[in-house]
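Structure file coords-v4.txt (compact mmCIF, C-alpha atoms) is printed below.
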```
# COMPACT_ATOMS: atom_id res chain seq x y z
CA MET J 1 133.07 136.93 90.84
CA PRO J 2 136.38 138.82 90.76
CA ASN J 3 138.12 136.75 93.45
CA LEU J 4 137.38 133.47 91.68
CA ALA J 5 138.50 135.04 88.40
CA ARG J 6 141.80 136.09 90.02
CA LEU J 7 142.31 132.62 91.48
CA ARG J 8 141.76 131.03 88.07
CA GLN J 9 143.96 133.56 86.30
CA ASP J 10 146.87 133.28 88.75
CA GLY J 11 146.92 129.50 88.84
CA ALA J 12 145.40 126.36 87.35
CA ARG J 13 141.85 125.43 86.50
CA GLY J 14 140.11 122.36 85.17
CA ARG J 15 136.97 120.26 85.05
CA LEU J 16 136.05 117.52 87.48
CA LEU J 17 134.45 114.61 85.69
CA PRO J 18 130.95 113.43 86.59
CA SER J 19 130.78 110.91 89.41
CA GLU J 20 127.65 108.96 90.29
CA PRO J 21 125.67 109.22 92.43
CA LEU J 22 125.20 112.98 92.10
CA SER J 23 124.92 113.65 95.82
CA PRO J 24 126.97 116.43 97.44
CA ARG J 25 127.26 114.35 100.61
CA ILE J 26 128.77 111.37 98.76
CA ALA J 27 130.87 113.59 96.49
CA LEU J 28 132.42 115.46 99.42
CA ALA J 29 133.42 112.17 101.05
CA MET J 30 135.06 111.15 97.76
CA ILE J 31 137.01 114.43 97.76
CA ALA J 32 138.06 113.97 101.39
CA THR J 33 139.11 110.32 101.19
CA GLY J 34 140.15 109.74 97.58
CA ARG J 35 137.99 106.63 97.65
CA ASP J 36 134.94 105.57 95.68
CA PRO J 37 131.58 105.61 97.53
CA VAL J 38 131.44 101.90 98.31
CA ALA J 39 134.88 102.18 99.92
CA HIS J 40 134.35 105.40 101.88
CA GLY J 41 130.95 104.33 103.23
CA VAL J 42 129.14 107.70 103.46
CA LEU J 43 126.08 106.66 101.46
CA ALA J 44 123.08 108.00 103.41
CA SER J 45 122.22 111.21 105.21
CA ARG J 46 120.68 109.26 108.12
CA VAL J 47 121.61 106.00 109.82
CA PRO J 48 119.85 103.81 112.41
CA ARG J 49 120.28 104.88 116.01
CA PRO J 50 122.29 102.44 118.15
CA ASP J 51 119.27 101.85 120.39
CA GLY J 52 117.03 100.99 117.42
CA GLY J 53 114.60 103.79 118.25
CA GLY J 54 114.70 105.55 114.89
CA VAL J 55 117.40 107.30 112.89
CA MET J 56 120.04 109.96 113.42
CA ALA J 57 122.20 112.05 111.12
CA ALA J 58 125.11 110.12 109.61
CA GLY J 59 128.40 110.97 111.25
CA ARG J 60 131.86 109.70 112.04
CA GLU J 61 130.70 106.09 112.27
CA SER J 62 129.85 106.02 108.54
CA TRP J 63 133.42 106.79 107.39
CA GLN J 64 135.20 103.59 106.37
CA ALA J 65 138.24 105.36 104.86
CA PRO J 66 140.36 108.11 106.46
CA PRO J 67 139.88 111.63 105.05
CA PHE J 68 142.91 113.72 104.16
CA TRP J 69 142.86 115.68 107.43
CA GLN J 70 143.19 112.45 109.40
CA VAL J 71 146.07 111.31 107.19
CA LEU J 72 147.83 114.66 107.54
CA GLU J 73 147.50 114.60 111.33
CA ALA J 74 148.90 111.04 111.40
CA ALA J 75 151.87 112.33 109.40
CA GLY J 76 152.54 115.11 111.91
CA ARG J 77 150.83 117.95 110.04
CA SER J 78 148.30 120.22 111.75
CA THR J 79 144.81 120.81 110.33
CA ILE J 80 141.65 122.86 110.69
CA THR J 81 138.38 121.47 109.33
CA VAL J 82 135.18 123.53 109.35
CA GLY J 83 131.68 122.62 108.18
CA TRP J 84 132.37 119.26 106.54
CA PRO J 85 129.07 117.32 106.38
CA ASN J 86 128.46 114.03 108.17
CA THR J 87 131.52 114.29 110.42
CA ALA J 88 129.86 114.67 113.84
CA PRO J 89 131.05 114.47 116.51
CA ALA J 90 133.99 116.81 116.03
CA THR J 91 135.75 115.20 118.98
CA ALA J 92 136.13 111.95 116.98
CA TRP J 93 138.71 113.59 114.68
CA PRO J 94 142.26 114.77 115.29
CA GLY J 95 143.23 118.42 114.89
CA ILE J 96 140.89 121.38 115.13
CA HIS J 97 137.45 120.36 113.91
CA VAL J 98 134.11 122.20 113.78
CA ASP J 99 131.33 119.99 112.44
CA SER J 100 128.34 121.30 110.49
CA ARG J 101 125.95 121.05 113.48
CA PHE J 102 127.68 124.09 114.96
CA ALA J 103 125.92 126.37 112.46
CA THR J 104 122.41 124.93 112.71
CA ALA J 105 120.39 127.27 114.92
CA THR J 106 118.11 125.88 117.61
CA GLY J 107 115.95 127.85 120.00
CA PRO J 108 114.00 131.02 119.23
CA ASP J 109 116.97 133.38 119.62
CA PHE J 110 120.73 133.57 120.14
CA GLU J 111 120.59 133.41 123.94
CA SER J 112 118.66 130.11 123.94
CA TRP J 113 120.81 128.52 121.24
CA ALA J 114 122.92 125.75 122.78
CA VAL J 115 125.95 124.41 120.95
CA PRO J 116 125.48 120.66 120.28
CA ARG J 117 127.66 118.41 122.38
CA HIS J 118 131.08 117.68 120.87
CA ALA J 119 130.50 119.95 117.84
CA VAL J 120 133.83 121.74 118.41
CA SER J 121 137.20 120.16 119.12
CA PRO J 122 139.26 120.90 121.14
CA ALA J 123 136.64 122.06 123.63
CA ALA J 124 138.86 124.96 124.76
CA LEU J 125 137.93 126.78 121.53
CA LEU J 126 134.20 126.62 122.22
CA PRO J 127 133.76 129.84 124.27
CA ALA J 128 135.38 132.03 121.61
CA LEU J 129 133.61 130.36 118.68
CA ARG J 130 130.22 130.31 120.42
CA ALA J 131 130.18 134.11 120.49
CA LEU J 132 130.75 134.30 116.71
CA ARG J 133 127.56 132.45 115.73
CA VAL J 134 124.76 134.18 113.83
CA HIS J 135 121.16 133.23 114.64
CA PRO J 136 118.52 133.68 111.90
CA THR J 137 116.76 136.26 114.07
CA ASP J 138 119.97 138.32 113.95
CA ILE J 139 119.55 138.72 110.18
CA GLU J 140 117.92 142.08 109.56
CA GLY J 141 116.21 143.46 106.48
CA ALA J 142 119.28 145.47 105.48
CA MET J 143 121.28 142.23 105.29
CA LEU J 144 118.70 140.60 103.01
CA ALA J 145 118.12 143.64 100.76
CA PRO J 146 121.15 142.88 98.49
CA PHE J 147 119.54 139.53 97.70
CA VAL J 148 115.90 140.73 97.53
CA PRO J 149 115.79 144.47 96.80
CA GLY J 150 111.96 144.56 96.98
CA LEU J 151 111.67 142.68 100.26
CA MET J 152 109.43 145.35 101.85
CA GLN J 153 106.67 144.36 99.42
CA ILE J 154 106.64 140.68 100.49
CA ASP J 155 103.78 139.41 102.65
CA GLN J 156 105.69 137.18 105.04
CA TYR J 157 102.46 135.66 106.37
CA ARG J 158 101.95 134.06 102.94
CA ASP J 159 105.53 133.62 101.75
CA ALA J 160 108.24 132.13 104.00
CA SER J 161 111.03 132.53 101.44
CA LEU J 162 112.67 135.40 103.32
CA THR J 163 112.85 133.25 106.43
CA ARG J 164 114.49 130.46 104.45
CA LEU J 165 117.01 132.93 103.05
CA ALA J 166 117.75 134.25 106.54
CA VAL J 167 118.36 130.72 107.83
CA LEU J 168 120.80 129.94 104.99
CA LEU J 169 122.60 133.27 105.42
CA ALA J 170 122.93 132.78 109.18
CA GLU J 171 124.34 129.26 108.73
CA VAL J 172 127.02 130.23 106.22
CA SER J 173 127.89 133.38 108.16
CA THR J 174 128.43 131.25 111.27
CA LEU J 175 130.72 128.82 109.47
CA HIS J 176 132.60 131.66 107.78
CA ALA J 177 133.11 133.45 111.10
CA ALA J 178 134.46 130.27 112.70
CA ALA J 179 136.73 129.50 109.74
CA THR J 180 138.23 132.98 109.45
CA ALA J 181 138.78 133.24 113.22
CA LEU J 182 140.56 129.88 113.34
CA ILE J 183 142.70 130.59 110.27
CA GLU J 184 143.72 133.95 111.70
CA GLN J 185 144.29 132.88 115.31
CA GLN J 186 145.25 129.19 115.08
CA PRO J 187 147.83 128.84 112.27
CA ARG J 188 147.94 125.32 110.84
CA ASP J 189 149.42 123.54 107.83
CA VAL J 190 146.03 122.93 106.18
CA ALA J 191 142.58 124.48 106.59
CA ALA J 192 139.64 122.74 104.89
CA VAL J 193 136.41 124.73 104.82
CA HIS J 194 133.09 123.61 103.36
CA TYR J 195 130.15 125.91 102.64
CA GLY J 196 126.80 124.41 101.58
CA TRP J 197 125.52 127.94 100.88
CA LEU J 198 125.17 127.78 97.10
CA ASP J 199 123.65 124.31 97.14
CA GLY J 200 120.97 125.44 99.60
CA ILE J 201 120.34 128.68 97.68
CA GLN J 202 119.96 126.90 94.35
CA ARG J 203 117.58 124.28 95.74
CA SER J 204 115.44 127.03 97.28
CA PHE J 205 115.53 129.80 94.68
CA ALA J 206 116.90 128.64 91.30
CA ALA J 207 113.45 127.81 89.90
CA GLN J 208 112.00 131.28 90.57
CA PRO J 209 110.23 132.55 87.42
CA PRO J 210 111.50 135.63 85.54
CA GLY J 211 110.47 138.87 87.21
CA SER J 212 109.92 137.17 90.56
CA MET J 213 110.72 139.08 93.71
CA PHE J 214 113.35 136.40 94.41
CA GLY J 215 114.67 136.19 90.85
CA GLY J 216 118.03 137.78 91.72
CA VAL J 217 118.81 135.71 94.82
CA VAL J 218 121.03 133.14 93.08
CA ASP J 219 123.23 135.73 91.33
CA ALA J 220 123.58 137.71 94.56
CA ALA J 221 124.45 134.51 96.44
CA TYR J 222 127.30 133.81 94.02
CA GLY J 223 128.59 137.30 94.67
CA PHE J 224 128.42 136.68 98.42
CA ALA J 225 130.30 133.39 97.99
CA ASP J 226 132.97 135.22 96.03
CA ALA J 227 133.32 137.79 98.83
CA MET J 228 133.86 134.95 101.34
CA LEU J 229 136.47 133.44 99.04
CA GLY J 230 138.21 136.82 98.87
CA ARG J 231 138.37 137.00 102.66
CA LEU J 232 139.85 133.50 102.90
CA MET J 233 142.41 134.35 100.20
CA HIS J 234 143.39 137.52 102.07
CA LEU J 235 143.87 135.64 105.35
CA ALA J 236 145.83 132.87 103.67
CA GLY J 237 148.26 135.29 102.02
CA ASP J 238 150.13 135.04 98.76
CA ASP J 239 152.52 132.31 99.98
CA THR J 240 149.74 129.84 100.78
CA THR J 241 148.51 127.30 98.26
CA ILE J 242 144.74 127.64 97.74
CA TRP J 243 142.47 125.07 96.16
CA MET J 244 138.80 125.72 95.47
CA VAL J 245 136.67 122.71 94.52
CA SER J 246 133.08 122.56 93.33
CA PRO J 247 132.21 118.86 93.12
CA ILE J 248 128.90 118.98 91.24
CA GLY J 249 127.37 121.41 88.77
CA VAL J 250 123.70 122.23 88.30
CA ARG J 251 121.49 122.92 85.34
CA GLY J 252 118.08 124.51 85.05
CA GLY J 253 117.19 127.98 86.18
CA ALA J 254 114.43 130.55 86.13
CA GLY J 255 111.07 128.84 85.84
CA GLN J 256 112.59 125.37 85.49
CA PRO J 257 113.28 122.66 88.08
CA LEU J 258 116.85 122.40 89.24
CA ALA J 259 118.79 119.28 88.31
CA ARG J 260 122.30 118.27 89.28
CA ALA J 261 124.74 118.09 86.39
CA GLY J 262 127.79 115.92 86.54
CA ALA J 263 130.80 118.13 85.99
CA GLY J 264 132.35 120.26 88.70
CA PHE J 265 135.58 122.24 88.64
CA ILE J 266 138.79 122.96 90.51
CA ALA J 267 140.78 126.19 90.63
CA ALA J 268 144.14 126.39 92.40
CA ARG J 269 147.10 128.67 92.86
CA GLY J 270 150.40 128.15 94.62
CA ARG J 271 154.14 128.57 94.44
CA TRP J 272 154.63 125.52 92.22
CA ILE J 273 151.53 126.02 90.06
CA ASP J 274 152.07 127.85 86.79
CA ALA J 275 149.62 130.65 86.04
CA GLY J 276 147.16 129.86 83.27
CA THR J 277 147.54 126.07 83.53
CA GLU J 278 144.67 124.11 82.04
CA LEU J 279 144.36 120.87 83.97
CA VAL J 280 143.52 117.55 82.40
CA PRO J 281 139.95 116.64 83.48
CA ALA J 282 140.18 114.89 86.84
CA ARG J 283 137.94 112.80 89.08
CA LEU J 284 136.78 113.65 92.58
CA VAL J 285 138.93 110.84 93.98
CA ASP J 286 142.02 112.58 92.56
CA ILE J 287 141.76 115.53 94.96
CA ALA J 288 142.87 113.85 98.21
CA PRO J 289 145.92 112.02 96.80
CA SER J 290 146.99 115.23 95.07
CA LEU J 291 146.70 117.21 98.30
CA LEU J 292 148.67 114.59 100.21
CA ALA J 293 151.30 114.49 97.46
CA ARG J 294 151.71 118.24 97.93
CA PHE J 295 153.09 117.35 101.39
CA GLY J 296 155.16 114.40 100.17
CA LEU J 297 152.67 111.83 101.46
CA VAL J 298 150.72 108.94 100.01
CA ALA J 299 147.82 106.88 101.39
CA GLY J 300 145.37 104.34 100.03
CA SER J 301 143.29 105.82 97.21
CA ASP J 302 141.20 105.03 94.16
CA GLY J 303 142.48 108.17 92.42
CA ARG J 304 145.67 109.49 90.92
CA THR J 305 147.83 112.53 91.56
CA ILE J 306 147.10 115.65 89.50
CA ARG J 307 150.72 116.34 88.59
CA ALA J 308 150.32 120.05 87.90
CA LEU J 309 149.09 120.57 91.47
CA ALA J 310 151.73 118.43 93.18
CA PRO J 311 154.98 118.37 91.22
CA GLY J 312 157.58 115.63 91.72
CA LEU J 313 158.13 115.39 95.44
CA SER J 314 159.30 112.14 96.98
CA ARG J 315 156.45 110.55 98.91
CA ARG J 316 156.25 108.42 102.01
CA PRO J 317 153.29 106.22 102.90
CA VAL J 318 151.22 107.11 105.96
CA LEU J 319 149.64 104.53 108.21
CA VAL J 320 146.53 105.96 109.86
CA PRO J 321 145.84 104.41 113.28
CA ALA J 322 142.57 102.51 113.46
CA SER J 323 139.76 104.49 115.03
CA PRO J 324 138.81 103.24 118.49
CA ALA J 325 135.61 101.23 118.63
CA PRO J 326 132.71 103.06 120.29
CA ALA J 327 132.20 102.22 123.92
CA PRO J 328 129.53 99.54 124.39
CA GLN J 329 126.19 100.92 125.44
CA ARG J 330 125.83 98.78 128.54
CA HIS J 331 122.76 100.64 129.74
CA VAL J 332 120.92 99.77 126.50
CA ALA J 333 121.78 96.08 126.85
CA ALA J 334 120.73 96.09 130.51
CA LEU J 335 117.38 97.70 129.74
CA ARG J 336 116.73 95.20 126.98
CA MET J 337 117.42 92.31 129.34
CA LEU J 338 114.82 93.76 131.70
CA GLY J 339 112.23 93.83 128.93
CA TYR J 340 112.27 97.54 128.14
CA ASP J 341 112.84 96.99 124.41
CA ASP J 342 109.84 98.70 122.83
CA THR J 343 108.54 97.90 119.37
CA PRO J 344 109.33 100.86 117.09
CA SER J 345 106.38 103.07 116.30
CA PRO J 346 105.11 103.22 112.68
CA ALA J 347 106.97 106.54 112.22
CA GLN J 348 110.20 105.08 113.62
CA ALA J 349 109.88 101.97 111.46
CA ALA J 350 109.29 104.11 108.36
CA ALA J 351 112.32 106.25 109.16
CA LEU J 352 114.50 103.17 109.61
CA ALA J 353 113.28 101.70 106.32
CA GLY J 354 113.91 105.03 104.58
CA ALA J 355 117.48 105.22 105.86
CA GLU J 356 118.15 101.66 104.72
CA ALA J 357 116.67 102.39 101.28
CA GLU J 358 118.74 105.57 100.90
CA ALA J 359 121.94 103.66 101.68
CA LEU J 360 121.02 100.87 99.24
CA ILE J 361 120.25 103.36 96.47
CA GLY J 362 123.55 105.18 97.04
CA ARG J 363 125.43 101.89 97.05
CA GLY J 364 123.64 100.64 93.94
CA GLU J 365 124.30 103.82 91.95
CA ALA J 366 127.96 103.81 93.00
CA LEU J 367 128.39 100.17 92.00
CA LEU J 368 126.67 100.81 88.68
CA ALA J 369 129.03 103.71 87.97
CA ALA J 370 131.97 101.41 88.74
CA GLY J 371 130.69 98.80 86.27
CA ARG J 372 129.88 96.26 88.98
CA VAL J 373 126.49 95.58 87.47
CA ALA J 374 125.48 92.38 89.29
CA GLU J 375 126.24 93.88 92.72
CA ALA J 376 124.43 97.10 91.73
CA GLU J 377 121.37 95.13 90.65
CA ALA J 378 121.24 93.30 93.97
CA ALA J 379 121.45 96.56 95.97
CA LEU J 380 118.85 98.37 93.87
CA LEU J 381 116.42 95.45 93.88
CA ALA J 382 116.78 95.24 97.65
```

What do you get writing this file as structure tokens?
Amino acid sequence: MPNLARLRQDGARGRLLPSEPLSPRIALAMIATGRDPVAHGVLASRVPRPDGGGVMAAGRESWQAPPFWQVLEAAGRSTITVGWPNTAPATAWPGIHVDSRFATATGPDFESWAVPRHAVSPAALLPALRALRVHPTDIEGAMLAPFVPGLMQIDQYRDASLTRLAVLLAEVSTLHAAATALIEQQPRDVAAVHYGWLDGIQRSFAAQPPGSMFGGVVDAAYGFADAMLGRLMHLAGDDTTIWMVSPIGVRGGAGQPLARAGAGFIAARGRWIDAGTELVPARLVDIAPSLLARFGLVAGSDGRTIRALAPGLSRRPVLVPASPAPAPQRHVAALRMLGYDDTPSPAQAAALAGAEAEALIGRGEALLAAGRVAEAEAALLA
């Protein structure tokens, strides 16, 4: 990974301390807000639908603390955010925002693939970004060969692994195309890009046994991630501060089940960052206050500033305007008054119970990590 090596060599690097629960979704919200999980509120991947008819993916309504891009916009800075999980709809955030739904292919081919409503903001950017998407059926054998050199020998009627790889490659290629186009054509003060590529690759292919046809996928995927990093570094230029954060490590490998390990890492370079700096181990909640401090700003946080990344600038507090309450769903209330409130089906009831359990487990693990044992016990017993 030569681009990552250059980033580490030219700037600072350090470990990020373990933070329970070991969920990328919760960890990324900690990075974005600088708040612990109970405070930021993003605890489950799915939440109950407003009409009670099942569950939906967690989105903007779950965030109980403002992420750094919202704080920056409130302070008059301009931002681009691409691919951050659980942020839909994009139109609920200030600045340029592309939520992760934009990259999830639907329909059998590119022509039938509709962009989800409000997945891109402002809407004027949608026509240009829509054309940059990559559908899994656009991924050809030559594109997969670097990951699976012997792919011609695979019986795809018995093994769907190539399809899974194509889906992951199409998703990250779509996000990367959107991010690079926006960075190049819509200059802003801060661009925050998230790729779930390596997490998906590791969960799908890290346990392949030695000698397997897919045994080299993970190493090749790291090389591909490094190439994307190189492109972002090139577009940013030498005068731009670059931070790369990996919130959670993994352990395990060939022939063994994958398990999340606690420690992640940060690598950063910039005009005020001395080359070769070894950072004191930091927490995930230290990232957002450090980024804001880089712009002379401060907001509510459970973390501290990493001084080597944001040297002594004076700082002013930022008040983030309260998010408007969602419009009342009058049609739902009217239908209920008329008696059209159906009893959830067994599948809907199970999904609702599962979403509630996931949130309680996330809350309990977060409280336990914070030493709030009695509250953690209550959540986990529930």

- prompt: In Å to one decimal, how far is atom CA of Leu43 of chain J from atom CA of Trp63 of chain J?
  reply: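 Separating atom CA of Trp63 of chain J from atom CA of Leu43 of chain J is a distance of 9.4 Å.
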
- prompt: How many Å lie between atom CA of Ala90 of chain J and atom CA of Phe102 of chain J, rounded to one decimal?
  reply: 9.7 Å

At most 10 Å is the cut-off: for each residue in segment 25-141 of chain J with any atom that close to an atom of segment 289-310 of chain J, write down the nearest atom pair and the distance in Å rounded to one decimal, counting all atoms listed in the file, chain first then increasing number, as CSV.
```
residue,atom,partner,partner_atom,distance
J:Met30,CA,J:Asp302,CA,9.4
J:Ile31,CA,J:Pro289,CA,9.3
J:Ala32,CA,J:Pro289,CA,9.3
J:Thr33,CA,J:Ser301,CA,7.3
J:Gly34,CA,J:Ser301,CA,5.0
J:Arg35,CA,J:Asp302,CA,5.0
J:Asp36,CA,J:Asp302,CA,6.5
J:Ala39,CA,J:Asp302,CA,9.0
J:Ala65,CA,J:Gly300,CA,8.7
J:Pro66,CA,J:Gly300,CA,9.0
J:Pro67,CA,J:Ala299,CA,9.9
J:Phe68,CA,J:Leu292,CA,7.0
J:Trp69,CA,J:Leu292,CA,9.3
J:Val71,CA,J:Ala299,CA,7.5
J:Leu72,CA,J:Leu292,CA,7.4
J:Ala75,CA,J:Leu297,CA,8.0
J:Arg77,CA,J:Phe295,CA,9.0
```

Just-selected residues, C-alpha atoms written as a PDB file, in the coordinates of the input:
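Saved result, out-v4.pdb, follows:
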```
ATOM      1  CA  MET J  30     135.060 111.150  97.760  1.00  0.00           C
ATOM      2  CA  ILE J  31     137.010 114.430  97.760  1.00  0.00           C
ATOM      3  CA  ALA J  32     138.060 113.970 101.390  1.00  0.00           C
ATOM      4  CA  THR J  33     139.110 110.320 101.190  1.00  0.00           C
ATOM      5  CA  GLY J  34     140.150 109.740  97.580  1.00  0.00           C
ATOM      6  CA  ARG J  35     137.990 106.630  97.650  1.00  0.00           C
ATOM      7  CA  ASP J  36     134.940 105.570  95.680  1.00  0.00           C
ATOM      8  CA  ALA J  39     134.880 102.180  99.920  1.00  0.00           C
ATOM      9  CA  ALA J  65     138.240 105.360 104.860  1.00  0.00           C
ATOM     10  CA  PRO J  66     140.360 108.110 106.460  1.00  0.00           C
ATOM     11  CA  PRO J  67     139.880 111.630 105.050  1.00  0.00           C
ATOM     12  CA  PHE J  68     142.910 113.720 104.160  1.00  0.00           C
ATOM     13  CA  TRP J  69     142.860 115.680 107.430  1.00  0.00           C
ATOM     14  CA  VAL J  71     146.070 111.310 107.190  1.00  0.00           C
ATOM     15  CA  LEU J  72     147.830 114.660 107.540  1.00  0.00           C
ATOM     16  CA  ALA J  75     151.870 112.330 109.400  1.00  0.00           C
ATOM     17  CA  ARG J  77     150.830 117.950 110.040  1.00  0.00           C
TER      18      ARG J  77
END
```

field: Nearest to Arg330 of chain J, chosen from J:Pro18, J:Gly354, J:Gly264, J:Asp51, with only C-alpha atoms counted in the distances
entry: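 Checking each of J:Pro18, J:Gly354, J:Gly264, J:Asp51 against Arg330 of chain J, counting only C-alpha atoms, the winner is J:Asp51.
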
- prompt: Hey, can you check how far atom CA of Ala12 of chain J sits from atom CA of Ile287 of chain J?
  reply: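 Taking atom CA of Ala12 of chain J and atom CA of Ile287 of chain J, their separation equals 13.7 Å.
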
- prompt: From the set J:Ala366, J:Ala347, J:Val115, J:Ala261, which residue has the shortest atom-to-atom contact distance to Val42 of chain J, counting all atoms listed in the file?
  reply: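 The answer is J:Ala366, which sits nearest to Val42 of chain J.
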
- request: Identify, on the basis of only C-alpha atoms, every residue whose closest approach to Trp84 of chain J does not exceed 10 Å; exclude the query and any residue fewer than 2 positions from it along the same chain; express the result as a list in words.
  value: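 What passes the distance filter is Arg25, Leu28, Ala29, Ala32, Thr81, Val82, Asn86, Thr87, Ala88, Ala90, His97, Val98, Asp99, Ser100, Arg101, Ala192, Val193, His194, Tyr195 and Gly196 of chain J.
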
- request: With a distance cut-off of 12 Å and all atoms listed in the file, select the neighbouring residues of segment 223-234 of chain J, excluding the residue or stretch itself and same-chain residues fewer than 5 positions from it, and output the selection as number ranges by chain.
  value: J: 1-7, 143-144, 146-147, 169, 172-184, 191-199, 201, 216-218, 239-245, 267-270

query: For Pro122 of chain J, which residue among J:Gly107, J:Gly339, J:Pro136, J:Pro89 is the nearest when counting all atoms listed in the file?
result: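 The answer is J:Pro89, which sits nearest to Pro122 of chain J.
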
Distance query 10 Å from (114.7, 138.3, 95.7) using all atoms listed in the file, result as a PDB file with C-alpha atoms, in the frame of the given file:
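What follows is the written file out.pdb:
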```pdb
ATOM      1  CA  LEU J 144     118.700 140.600 103.010  1.00  0.00           C
ATOM      2  CA  ALA J 145     118.120 143.640 100.760  1.00  0.00           C
ATOM      3  CA  PRO J 146     121.150 142.880  98.490  1.00  0.00           C
ATOM      4  CA  PHE J 147     119.540 139.530  97.700  1.00  0.00           C
ATOM      5  CA  VAL J 148     115.900 140.730  97.530  1.00  0.00           C
ATOM      6  CA  PRO J 149     115.790 144.470  96.800  1.00  0.00           C
ATOM      7  CA  GLY J 150     111.960 144.560  96.980  1.00  0.00           C
ATOM      8  CA  LEU J 151     111.670 142.680 100.260  1.00  0.00           C
ATOM      9  CA  ILE J 154     106.640 140.680 100.490  1.00  0.00           C
ATOM     10  CA  SER J 161     111.030 132.530 101.440  1.00  0.00           C
ATOM     11  CA  LEU J 162     112.670 135.400 103.320  1.00  0.00           C
ATOM     12  CA  LEU J 165     117.010 132.930 103.050  1.00  0.00           C
ATOM     13  CA  PHE J 205     115.530 129.800  94.680  1.00  0.00           C
ATOM     14  CA  GLN J 208     112.000 131.280  90.570  1.00  0.00           C
ATOM     15  CA  GLY J 211     110.470 138.870  87.210  1.00  0.00           C
ATOM     16  CA  SER J 212     109.920 137.170  90.560  1.00  0.00           C
ATOM     17  CA  MET J 213     110.720 139.080  93.710  1.00  0.00           C
ATOM     18  CA  PHE J 214     113.350 136.400  94.410  1.00  0.00           C
ATOM     19  CA  GLY J 215     114.670 136.190  90.850  1.00  0.00           C
ATOM     20  CA  GLY J 216     118.030 137.780  91.720  1.00  0.00           C
ATOM     21  CA  VAL J 217     118.810 135.710  94.820  1.00  0.00           C
ATOM     22  CA  VAL J 218     121.030 133.140  93.080  1.00  0.00           C
ATOM     23  CA  ASP J 219     123.230 135.730  91.330  1.00  0.00           C
ATOM     24  CA  ALA J 220     123.580 137.710  94.560  1.00  0.00           C
TER      25      ALA J 220
END
```

- prompt: Between J:Ser23, J:Thr79, J:Gln70, J:Thr137, which has the minimum distance to Val190 of chain J (counting all atoms listed in the file)?
  reply: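 Smallest separation from Val190 of chain J among the options: J:Thr79.
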
- request: May I have the residues within 8 Å of Gln348 of chain J as a list in words, using all atoms listed in the file and disregarding those fewer than 5 positions away in the same chain?
  value: Gly53, Gly54 and Val55 of chain J

- request: Find, counting only C-alpha atoms, the residue in J:Val134, J:Ala74, J:Arg271, J:Val250 that gets nearest to Pro317 of chain J.
  value: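 With only C-alpha atoms as the atom set, the closest residue is J:Ala74.
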
Please fill the gaps in segment 113-121 of chain J so it has N, CA, C and O atoms, and write that as a JSON list (two decimals), in the coordinates of the input.
```
[["chain", "number", "residue", "atom", "x", "y", "z"],
["J", 113, "TRP", "N", 120.22, 129.43, 122.22],
["J", 113, "TRP", "CA", 120.81, 128.52, 121.24],
["J", 113, "TRP", "C", 122.01, 127.81, 121.86],
["J", 113, "TRP", "O", 123.07, 128.40, 122.05],
["J", 114, "ALA", "N", 121.84, 126.54, 122.19],
["J", 114, "ALA", "CA", 122.92, 125.75, 122.78],
["J", 114, "ALA", "C", 123.76, 125.11, 121.68],
["J", 114, "ALA", "O", 123.23, 124.66, 120.66],
["J", 115, "VAL", "N", 125.06, 125.10, 121.88],
["J", 115, "VAL", "CA", 125.95, 124.41, 120.95],
["J", 115, "VAL", "C", 125.81, 122.90, 121.16],
["J", 115, "VAL", "O", 125.87, 122.43, 122.30],
["J", 116, "PRO", "N", 125.60, 122.11, 120.10],
["J", 116, "PRO", "CA", 125.48, 120.66, 120.28],
["J", 116, "PRO", "C", 126.73, 120.09, 120.95],
["J", 116, "PRO", "O", 127.84, 120.59, 120.76],
["J", 117, "ARG", "N", 126.53, 119.05, 121.70],
["J", 117, "ARG", "CA", 127.66, 118.41, 122.38],
["J", 117, "ARG", "C", 128.69, 117.93, 121.37],
["J", 117, "ARG", "O", 128.36, 117.36, 120.33],
["J", 118, "HIS", "N", 129.96, 118.18, 121.66],
["J", 118, "HIS", "CA", 131.08, 117.68, 120.87],
["J", 118, "HIS", "C", 131.08, 118.19, 119.43],
["J", 118, "HIS", "O", 131.60, 117.53, 118.53],
["J", 119, "ALA", "N", 130.50, 119.37, 119.20],
["J", 119, "ALA", "CA", 130.50, 119.95, 117.84],
["J", 119, "ALA", "C", 131.77, 120.71, 117.54],
["J", 119, "ALA", "O", 132.02, 121.07, 116.39],
["J", 120, "VAL", "N", 132.57, 121.01, 118.57],
["J", 120, "VAL", "CA", 133.83, 121.74, 118.41],
["J", 120, "VAL", "C", 134.93, 120.98, 119.14],
["J", 120, "VAL", "O", 134.74, 120.54, 120.29],
["J", 121, "SER", "N", 136.06, 120.82, 118.49],
["J", 121, "SER", "CA", 137.20, 120.16, 119.12],
["J", 121, "SER", "C", 138.49, 120.89, 118.74],
["J", 121, "SER", "O", 138.67, 121.23, 117.56]]
```
